[in-house]
$ cat query23.cif   # mmCIF, C-alpha atoms
data_my_file
loop_
_atom_site.label_atom_id
_atom_site.label_comp_id
_atom_site.auth_asym_id
_atom_site.auth_seq_id
_atom_site.Cartn_x
_atom_site.Cartn_y
_atom_site.Cartn_z
CA MET A 1 166.68 172.36 85.00
CA SER A 2 170.12 173.91 84.53
CA ILE A 3 170.70 177.44 85.80
CA GLY A 4 171.44 178.54 82.23
CA LYS A 5 168.07 177.35 80.99
CA GLN A 6 166.34 178.87 84.00
CA VAL A 7 167.96 182.28 83.40
CA ARG A 8 167.01 182.21 79.72
CA LEU A 9 163.45 181.10 80.44
CA GLU A 10 163.03 184.11 82.72
CA ARG A 11 163.71 186.31 79.69
CA ILE A 12 160.78 184.64 77.93
CA MET A 13 158.38 183.87 80.79
CA ASN A 14 157.53 186.65 83.27
CA ARG A 15 159.17 185.50 86.51
CA GLU A 16 156.42 187.05 88.65
CA THR A 17 153.41 185.56 86.85
CA GLY A 18 154.94 182.51 85.18
CA LYS A 19 153.13 183.54 81.98
CA THR A 20 154.25 184.96 78.66
CA ILE A 21 153.27 187.09 75.67
CA ILE A 22 155.20 185.88 72.63
CA VAL A 23 154.79 187.53 69.22
CA PRO A 24 156.01 185.32 66.36
CA MET A 25 157.25 187.25 63.32
CA ASP A 26 158.65 184.31 61.38
CA HIS A 27 156.04 184.58 58.63
CA GLY A 28 158.42 186.09 56.06
CA VAL A 29 159.79 182.71 55.02
CA SER A 30 156.38 181.17 54.43
CA SER A 31 154.47 184.19 53.12
CA GLY A 32 156.97 186.96 52.30
CA PRO A 33 156.93 190.55 53.64
CA ILE A 34 153.28 190.59 54.67
CA GLU A 35 151.49 193.54 56.26
CA GLY A 36 152.79 194.33 59.73
CA ILE A 37 156.28 192.91 59.34
CA VAL A 38 157.53 194.67 56.21
CA ASP A 39 159.59 196.83 58.59
CA ILE A 40 160.63 194.19 61.10
CA ARG A 41 162.51 196.63 63.33
CA SER A 42 159.44 198.84 63.85
CA ALA A 43 157.29 195.78 64.51
CA VAL A 44 159.67 194.48 67.18
CA ALA A 45 159.96 197.95 68.74
CA ASP A 46 156.18 198.33 68.95
CA VAL A 47 155.46 194.98 70.61
CA ALA A 48 158.37 195.55 73.00
CA GLU A 49 156.95 198.93 73.96
CA GLY A 50 153.57 197.35 74.57
CA GLY A 51 155.09 194.87 77.03
CA ALA A 52 155.53 191.64 75.06
CA ASP A 53 157.90 189.17 76.66
CA ALA A 54 159.48 187.76 73.50
CA VAL A 55 159.44 187.69 69.71
CA VAL A 56 160.11 184.79 67.34
CA LEU A 57 162.38 185.57 64.39
CA HIS A 58 164.27 183.64 61.75
CA LYS A 59 168.04 183.95 61.98
CA GLY A 60 168.42 186.46 59.15
CA MET A 61 165.92 188.86 60.75
CA VAL A 62 167.66 189.03 64.13
CA ARG A 63 170.07 191.73 62.99
CA ALA A 64 167.36 193.53 61.02
CA GLY A 65 165.00 193.47 63.99
CA HIS A 66 167.51 194.53 66.65
CA ARG A 67 166.76 198.12 67.64
CA GLY A 68 169.66 198.93 69.96
CA ARG A 69 167.28 201.15 71.94
CA GLY A 70 164.04 201.06 73.86
CA ARG A 71 162.67 198.31 76.07
CA ASP A 72 164.42 194.95 75.94
CA ILE A 73 162.55 191.87 74.76
CA GLY A 74 163.28 188.14 74.73
CA LEU A 75 164.48 186.56 71.50
CA ILE A 76 163.41 183.13 70.24
CA VAL A 77 165.06 182.01 67.00
CA HIS A 78 162.86 179.78 64.85
CA LEU A 79 164.64 176.74 63.45
CA SER A 80 161.92 175.40 61.09
CA ALA A 81 160.73 176.57 57.69
CA SER A 82 158.57 175.93 54.63
CA THR A 83 156.84 178.19 52.11
CA ASP A 84 153.21 178.63 51.13
CA TRP A 85 154.20 177.81 47.54
CA ALA A 86 155.25 174.24 48.32
CA PRO A 87 152.74 171.50 47.43
CA THR A 88 153.43 170.08 50.89
CA LYS A 89 153.75 173.30 52.89
CA ASN A 90 152.95 171.42 56.10
CA ASP A 91 156.31 169.64 55.86
CA LYS A 92 158.85 171.66 57.83
CA VAL A 93 162.63 171.33 57.62
CA LEU A 94 165.35 172.65 59.93
CA VAL A 95 167.10 175.73 58.54
CA CYS A 96 169.04 176.82 61.63
CA THR A 97 170.84 175.17 64.55
CA VAL A 98 170.80 175.72 68.29
CA GLU A 99 174.46 176.78 68.11
CA GLU A 100 173.67 179.44 65.49
CA ALA A 101 170.87 180.75 67.70
CA ILE A 102 173.23 180.97 70.68
CA LYS A 103 175.70 183.02 68.62
CA LEU A 104 172.84 185.36 67.70
CA GLY A 105 172.11 185.98 71.38
CA ALA A 106 168.87 183.98 71.51
CA ASP A 107 167.08 183.30 74.77
CA GLY A 108 165.34 180.29 73.23
CA VAL A 109 164.64 178.41 70.01
CA SER A 110 161.47 177.07 68.45
CA VAL A 111 160.63 174.08 66.26
CA HIS A 112 157.44 173.53 64.24
CA VAL A 113 155.85 170.08 63.98
CA ASN A 114 152.70 169.21 62.01
CA ILE A 115 151.38 165.82 63.06
CA GLY A 116 149.67 163.89 60.30
CA ALA A 117 151.72 165.64 57.58
CA ASP A 118 153.67 163.63 55.01
CA LEU A 119 156.99 164.22 56.75
CA GLU A 120 155.68 163.79 60.28
CA ARG A 121 158.38 161.29 61.23
CA GLU A 122 161.16 163.60 60.06
CA MET A 123 159.70 166.52 62.02
CA LEU A 124 159.40 164.34 65.14
CA ARG A 125 162.99 163.25 64.70
CA ASP A 126 164.09 166.86 64.35
CA LEU A 127 162.19 167.92 67.47
CA GLY A 128 163.78 165.14 69.49
CA TYR A 129 167.24 166.02 68.21
CA VAL A 130 166.85 169.74 68.88
CA ALA A 131 165.56 168.99 72.40
CA LYS A 132 168.74 166.98 73.05
CA VAL A 133 170.99 169.80 71.87
CA CYS A 134 168.97 172.37 73.84
CA GLU A 135 169.46 170.33 76.99
CA GLU A 136 173.21 170.26 76.40
CA TRP A 137 173.38 174.05 76.01
CA GLY A 138 170.75 175.02 78.59
CA MET A 139 168.58 176.54 75.84
CA PRO A 140 164.78 176.77 76.26
CA LEU A 141 162.76 175.06 73.53
CA LEU A 142 159.34 176.15 72.28
CA ALA A 143 157.55 173.44 70.29
CA MET A 144 154.81 174.63 67.93
CA VAL A 145 152.67 171.54 67.36
CA TYR A 146 149.59 171.36 65.12
CA GLY A 147 147.33 168.66 63.72
CA ARG A 148 147.64 169.19 59.97
CA GLY A 149 146.95 165.76 58.51
CA LYS A 150 144.42 165.08 55.77
CA ASP A 151 140.85 165.31 57.09
CA MET A 152 142.24 166.31 60.52
CA ASN A 153 140.58 169.12 62.48
CA GLN A 154 143.44 170.95 64.18
CA TYR A 155 141.01 172.49 66.71
CA ASP A 156 139.53 169.17 67.83
CA PRO A 157 140.12 168.91 71.60
CA GLN A 158 141.59 165.40 71.31
CA VAL A 159 143.96 166.52 68.56
CA VAL A 160 145.03 169.60 70.54
CA ALA A 161 145.59 167.53 73.69
CA HIS A 162 147.68 165.08 71.66
CA CYS A 163 149.76 167.93 70.20
CA ALA A 164 150.42 169.45 73.61
CA ARG A 165 151.42 166.15 75.18
CA LEU A 166 153.61 165.25 72.20
CA GLY A 167 155.63 168.45 72.61
CA ALA A 168 156.23 167.76 76.29
CA GLU A 169 157.02 164.09 75.69
CA LEU A 170 159.77 165.00 73.21
CA GLY A 171 161.46 167.54 75.46
CA ALA A 172 159.92 170.99 74.88
CA ASP A 173 159.93 173.53 77.71
CA ILE A 174 156.90 175.40 76.31
CA VAL A 175 154.30 174.03 73.89
CA LYS A 176 152.25 176.12 71.47
CA VAL A 177 148.96 174.69 70.20
CA PRO A 178 145.71 175.98 68.65
CA TYR A 179 142.89 177.01 70.97
CA THR A 180 139.97 174.57 70.92
CA GLY A 181 137.37 177.33 71.10
CA ASP A 182 136.25 177.15 74.72
CA PRO A 183 137.83 176.82 78.19
CA GLU A 184 136.01 173.59 79.03
CA THR A 185 137.66 171.59 76.24
CA PHE A 186 140.99 173.44 76.25
CA CYS A 187 141.59 172.66 79.91
CA LYS A 188 141.95 168.98 78.92
CA ALA A 189 144.93 169.85 76.75
CA VAL A 190 146.48 171.82 79.58
CA GLU A 191 145.82 169.08 82.16
CA GLY A 192 147.61 166.49 80.04
CA CYS A 193 150.72 168.61 79.44
CA PRO A 194 153.30 168.94 82.26
CA VAL A 195 155.00 172.00 80.70
CA PRO A 196 153.50 175.47 80.06
CA VAL A 197 150.99 175.63 77.20
CA VAL A 198 150.48 178.79 75.13
CA ILE A 199 147.91 179.35 72.40
CA ALA A 200 148.43 180.14 68.75
CA GLY A 201 146.52 182.98 67.14
CA GLY A 202 145.65 181.34 63.84
CA PRO A 203 144.34 183.36 60.86
CA LYS A 204 143.53 187.06 61.19
CA MET A 205 140.30 187.42 63.16
CA LYS A 206 137.44 189.74 62.21
CA THR A 207 137.73 191.87 65.35
CA GLU A 208 140.35 192.50 67.99
CA GLU A 209 137.74 191.81 70.67
CA GLU A 210 137.59 188.23 69.38
CA VAL A 211 141.32 187.92 70.00
CA LEU A 212 141.01 189.21 73.55
CA ARG A 213 138.11 186.87 74.33
CA MET A 214 140.06 183.90 72.95
CA VAL A 215 143.07 184.74 75.12
CA TYR A 216 140.89 185.26 78.19
CA GLY A 217 139.22 181.89 77.69
CA ALA A 218 142.54 180.12 77.27
CA LEU A 219 143.88 181.72 80.45
CA GLN A 220 140.80 180.59 82.36
CA ALA A 221 141.55 177.05 81.17
CA GLY A 222 145.11 177.20 82.51
CA ALA A 223 147.13 178.42 79.53
CA LYS A 224 150.35 180.19 80.46
CA GLY A 225 149.99 182.84 77.82
CA LEU A 226 150.03 183.21 74.08
CA SER A 227 152.14 183.10 70.95
CA ILE A 228 150.12 185.18 68.49
CA GLY A 229 151.44 186.73 65.29
CA ARG A 230 149.08 188.27 62.71
CA ASN A 231 146.44 189.21 65.25
CA VAL A 232 149.06 191.29 67.05
CA PHE A 233 151.48 192.67 64.48
CA GLN A 234 148.63 193.46 62.06
CA ALA A 235 146.53 195.17 64.75
CA LYS A 236 145.42 198.77 64.13
CA ASP A 237 147.60 199.85 67.05
CA ARG A 238 150.19 197.20 67.92
CA VAL A 239 151.34 198.93 71.10
CA ARG A 240 147.84 199.18 72.55
CA MET A 241 147.02 195.65 71.45
CA VAL A 242 149.95 194.25 73.38
CA ARG A 243 149.12 196.43 76.39
CA ALA A 244 145.60 195.02 76.35
CA LEU A 245 146.98 191.47 76.19
CA TYR A 246 149.42 192.29 78.99
CA HIS A 247 146.48 193.30 81.17
CA LEU A 248 144.85 189.92 80.57
CA VAL A 249 147.96 187.75 80.86
CA HIS A 250 150.01 189.42 83.57
CA LYS A 251 147.42 191.47 85.48
CA GLY A 252 144.57 188.97 85.46
CA GLY A 253 142.23 191.59 84.02
CA THR A 254 138.88 191.23 82.30
CA VAL A 255 138.06 191.50 78.62
CA ASP A 256 136.16 194.75 79.18
CA GLU A 257 139.17 196.27 80.93
CA ALA A 258 141.44 195.12 78.12
CA LEU A 259 139.08 196.63 75.54
CA SER A 260 139.27 199.95 77.39
CA ILE A 261 143.06 199.85 77.11
CA LEU A 262 142.82 198.96 73.43
CA LYS A 263 140.54 201.94 72.82
CA GLY A 264 142.87 204.27 74.73
CA GLU A 265 140.37 204.84 77.55
CA LYS A 266 142.90 203.67 80.18
#

$ encode --input "query23.cif" --output "structure tokens"
Amino acid sequence: MSIGKQVRLERIMNRETGKTIIVPMDHGVSSGPIEGIVDIRSAVADVAEGGADAVVLHKGMVRAGHRGRGRDIGLIVHLSASTDWAPTKNDKVLVCTVEEAIKLGADGVSVHVNIGADLEREMLRDLGYVAKVCEEWGMPLLAMVYGRGKDMNQYDPQVVAHCARLGAELGADIVKVPYTGDPETFCKAVEGCPVPVVIAGGPKMKTEEEVLRMVYGALQAGAKGLSIGRNVFQAKDRVRMVRALYHLVHKGGTVDEALSILKGEK
């Protein structure tokens, strides 16, 4: 690994724990200004205050989300996009380059791949190409890989393990995949992936305790952290939610302890 990539990775992954709390806020392209990220600057400020390691933004939101004050936070620029209106919304295209991200001050870039989708081969090609350019520039690459084919269960342990391995095989430095639902099956995905694996948050959960228990289970299975959007930026108290997650990820705490932090008891 080049020293440039190593330095940038340390702005995304906690150098003491080797784990990370990433909060993606790239939903505006797919879904518009949804609850929690209407004011992107406040959202970034809140998760930074809570102790998140990095946020994921599209290129146009980098300036809007830059606070110029408060705690620093790592920046990952998302290169892929599609909208919820498209008949094939699982087909992602590249809308930004590694060079653009560098000019924006990014510490990393991310690419989204949906295996089984109609344009799977194009997305695989794009991931491979971006990985090549990232290697040339010493830029960390986060690959978000999901099983989204027809009749495919994206939470199936075999599908998740395939997604994680695919990301590593094509050059990602961190791979984001769905959580299988329990540590016993998720550990297989982690075991088969030689780069750090982080979990996605998926749809908004019914309770915040569910989120904490999911993260705790993934960590027990060997995950190196999380990349969770709606379940963080739409939390009742984003700052406390991130602090609770920080306690799990970087302090090795329990769910009960994290719940106490979330409730303001600690």

$ resolve_selection --input "query23.cif" --expression "the PyMOL selection byres ((chain A and resi 219-223) around 9)" --output "VMD selection string"
chain A and resid 19 182 to 188 190 to 191 196 to 199 214 to 218 224 to 226 248 to 249 252

$ residues_around --input "query23.cif" --residues "Asp39 in chain A" --least-positions-apart "5" --cutoff "10 Å" --atoms "only C-alpha atoms" --output "list in words"
Pro33, Ile34, Val44, Ala64 and Gly65 of chain A

$ closest_residue --input "query23.cif" --among "A:Ala168, A:Ala117, A:Ala235, A:Val62" --to "Lys206 in chain A" --atoms "all atoms listed in the file"
A:Ala235

$ atom_distance --input "query23.cif" --atom1 "CA of Gly149 in chain A" --atom2 "CA of Leu212 in chain A"
28.5 Å

$ closest_residue --input "query23.cif" --among "A:Pro178, A:Gly192, A:Gly138, A:Gly105" --to "Arg165 in chain A" --atoms "all atoms listed in the file"
A:Gly192

$ resolve_selection --input "query23.cif" --expression "the PyMOL selection byres ((chain A and resi 244) around 6)" --output "PyMOL selection string"
chain A and resi 241-243+245-247+258+261-262

$ residues_around --input "query23.cif" --residues "Asp237 in chain A" --least-positions-apart "5" --cutoff "10 Å" --atoms "only C-alpha atoms" --output "list in words"
Asp46, Val47, Gly50, Val232, Val242, Leu262 and Lys263 of chain A

$ closest_residue --input "query23.cif" --among "A:Trp137, A:His66, A:Gly36, A:Glu122" --to "Lys236 in chain A" --atoms "only C-alpha atoms"
A:Gly36

$ atom_distance --input "query23.cif" --atom1 "CA of Gln6 in chain A" --atom2 "CA of Ala143 in chain A"
17.2 Å

$ decode --input "query23.cif" --residues "range 96-127 of chain A" --atoms "N, CA and C atoms" --output "compact mmCIF listing (two decimals), in the first residue's frame"
# COMPACT_ATOMS: atom_id res chain seq x y z
N CYS A 96 -19.02 10.70 -11.46
CA CYS A 96 -17.89 11.48 -10.94
C CYS A 96 -16.63 10.66 -11.16
N THR A 97 -15.48 11.30 -11.16
CA THR A 97 -14.21 10.62 -11.35
C THR A 97 -13.35 10.71 -10.09
N VAL A 98 -12.36 9.85 -10.03
CA VAL A 98 -11.41 9.90 -8.91
C VAL A 98 -10.71 11.25 -8.88
N GLU A 99 -10.34 11.76 -10.05
CA GLU A 99 -9.64 13.05 -10.11
C GLU A 99 -10.50 14.19 -9.58
N GLU A 100 -11.81 14.17 -9.90
CA GLU A 100 -12.71 15.18 -9.36
C GLU A 100 -12.75 15.10 -7.84
N ALA A 101 -12.82 13.87 -7.32
CA ALA A 101 -12.87 13.67 -5.88
C ALA A 101 -11.61 14.20 -5.20
N ILE A 102 -10.47 13.97 -5.82
CA ILE A 102 -9.21 14.48 -5.27
C ILE A 102 -9.24 16.00 -5.17
N LYS A 103 -9.73 16.65 -6.23
CA LYS A 103 -9.81 18.12 -6.23
C LYS A 103 -10.76 18.63 -5.16
N LEU A 104 -11.73 17.81 -4.78
CA LEU A 104 -12.68 18.20 -3.74
C LEU A 104 -12.15 17.95 -2.34
N GLY A 105 -10.95 17.36 -2.24
CA GLY A 105 -10.35 17.09 -0.94
C GLY A 105 -10.76 15.78 -0.33
N ALA A 106 -11.24 14.84 -1.14
CA ALA A 106 -11.73 13.56 -0.62
C ALA A 106 -10.60 12.72 -0.03
N ASP A 107 -10.98 11.95 0.99
CA ASP A 107 -10.07 10.98 1.59
C ASP A 107 -10.29 9.60 0.99
N GLY A 108 -11.36 9.44 0.22
CA GLY A 108 -11.67 8.17 -0.42
C GLY A 108 -12.81 8.35 -1.40
N VAL A 109 -13.06 7.33 -2.19
CA VAL A 109 -14.21 7.33 -3.11
C VAL A 109 -14.97 6.02 -2.92
N SER A 110 -16.22 6.02 -3.38
CA SER A 110 -17.01 4.80 -3.29
C SER A 110 -17.73 4.53 -4.61
N VAL A 111 -17.92 3.24 -4.89
CA VAL A 111 -18.60 2.78 -6.10
C VAL A 111 -19.65 1.75 -5.68
N HIS A 112 -20.82 1.82 -6.30
CA HIS A 112 -21.94 0.93 -5.99
C HIS A 112 -22.10 -0.10 -7.10
N VAL A 113 -22.15 -1.38 -6.72
CA VAL A 113 -22.35 -2.47 -7.67
C VAL A 113 -23.51 -3.34 -7.20
N ASN A 114 -24.46 -3.61 -8.07
CA ASN A 114 -25.56 -4.53 -7.77
C ASN A 114 -25.40 -5.77 -8.65
N ILE A 115 -24.97 -6.88 -8.03
CA ILE A 115 -24.80 -8.09 -8.83
C ILE A 115 -26.17 -8.67 -9.15
N GLY A 116 -26.30 -9.20 -10.35
CA GLY A 116 -27.56 -9.75 -10.80
C GLY A 116 -28.44 -8.74 -11.51
N ALA A 117 -28.07 -7.45 -11.45
CA ALA A 117 -28.86 -6.40 -12.12
C ALA A 117 -28.61 -6.47 -13.63
N ASP A 118 -29.43 -5.79 -14.39
CA ASP A 118 -29.33 -5.83 -15.85
C ASP A 118 -27.97 -5.35 -16.34
N LEU A 119 -27.43 -4.33 -15.71
CA LEU A 119 -26.15 -3.77 -16.14
C LEU A 119 -24.99 -4.22 -15.25
N GLU A 120 -25.10 -5.45 -14.75
CA GLU A 120 -24.05 -5.95 -13.86
C GLU A 120 -22.67 -5.84 -14.50
N ARG A 121 -22.53 -6.25 -15.74
CA ARG A 121 -21.21 -6.27 -16.35
C ARG A 121 -20.61 -4.87 -16.48
N GLU A 122 -21.47 -3.87 -16.74
CA GLU A 122 -20.98 -2.50 -16.82
C GLU A 122 -20.53 -2.01 -15.45
N MET A 123 -21.28 -2.36 -14.41
CA MET A 123 -20.91 -1.94 -13.06
C MET A 123 -19.62 -2.62 -12.61
N LEU A 124 -19.43 -3.89 -12.98
CA LEU A 124 -18.18 -4.58 -12.67
C LEU A 124 -17.01 -3.94 -13.40
N ARG A 125 -17.24 -3.60 -14.65
CA ARG A 125 -16.20 -2.92 -15.42
C ARG A 125 -15.83 -1.59 -14.77
N ASP A 126 -16.83 -0.85 -14.35
CA ASP A 126 -16.58 0.45 -13.72
C ASP A 126 -15.81 0.30 -12.42
N LEU A 127 -16.18 -0.70 -11.62
CA LEU A 127 -15.47 -0.93 -10.36
C LEU A 127 -14.00 -1.25 -10.62
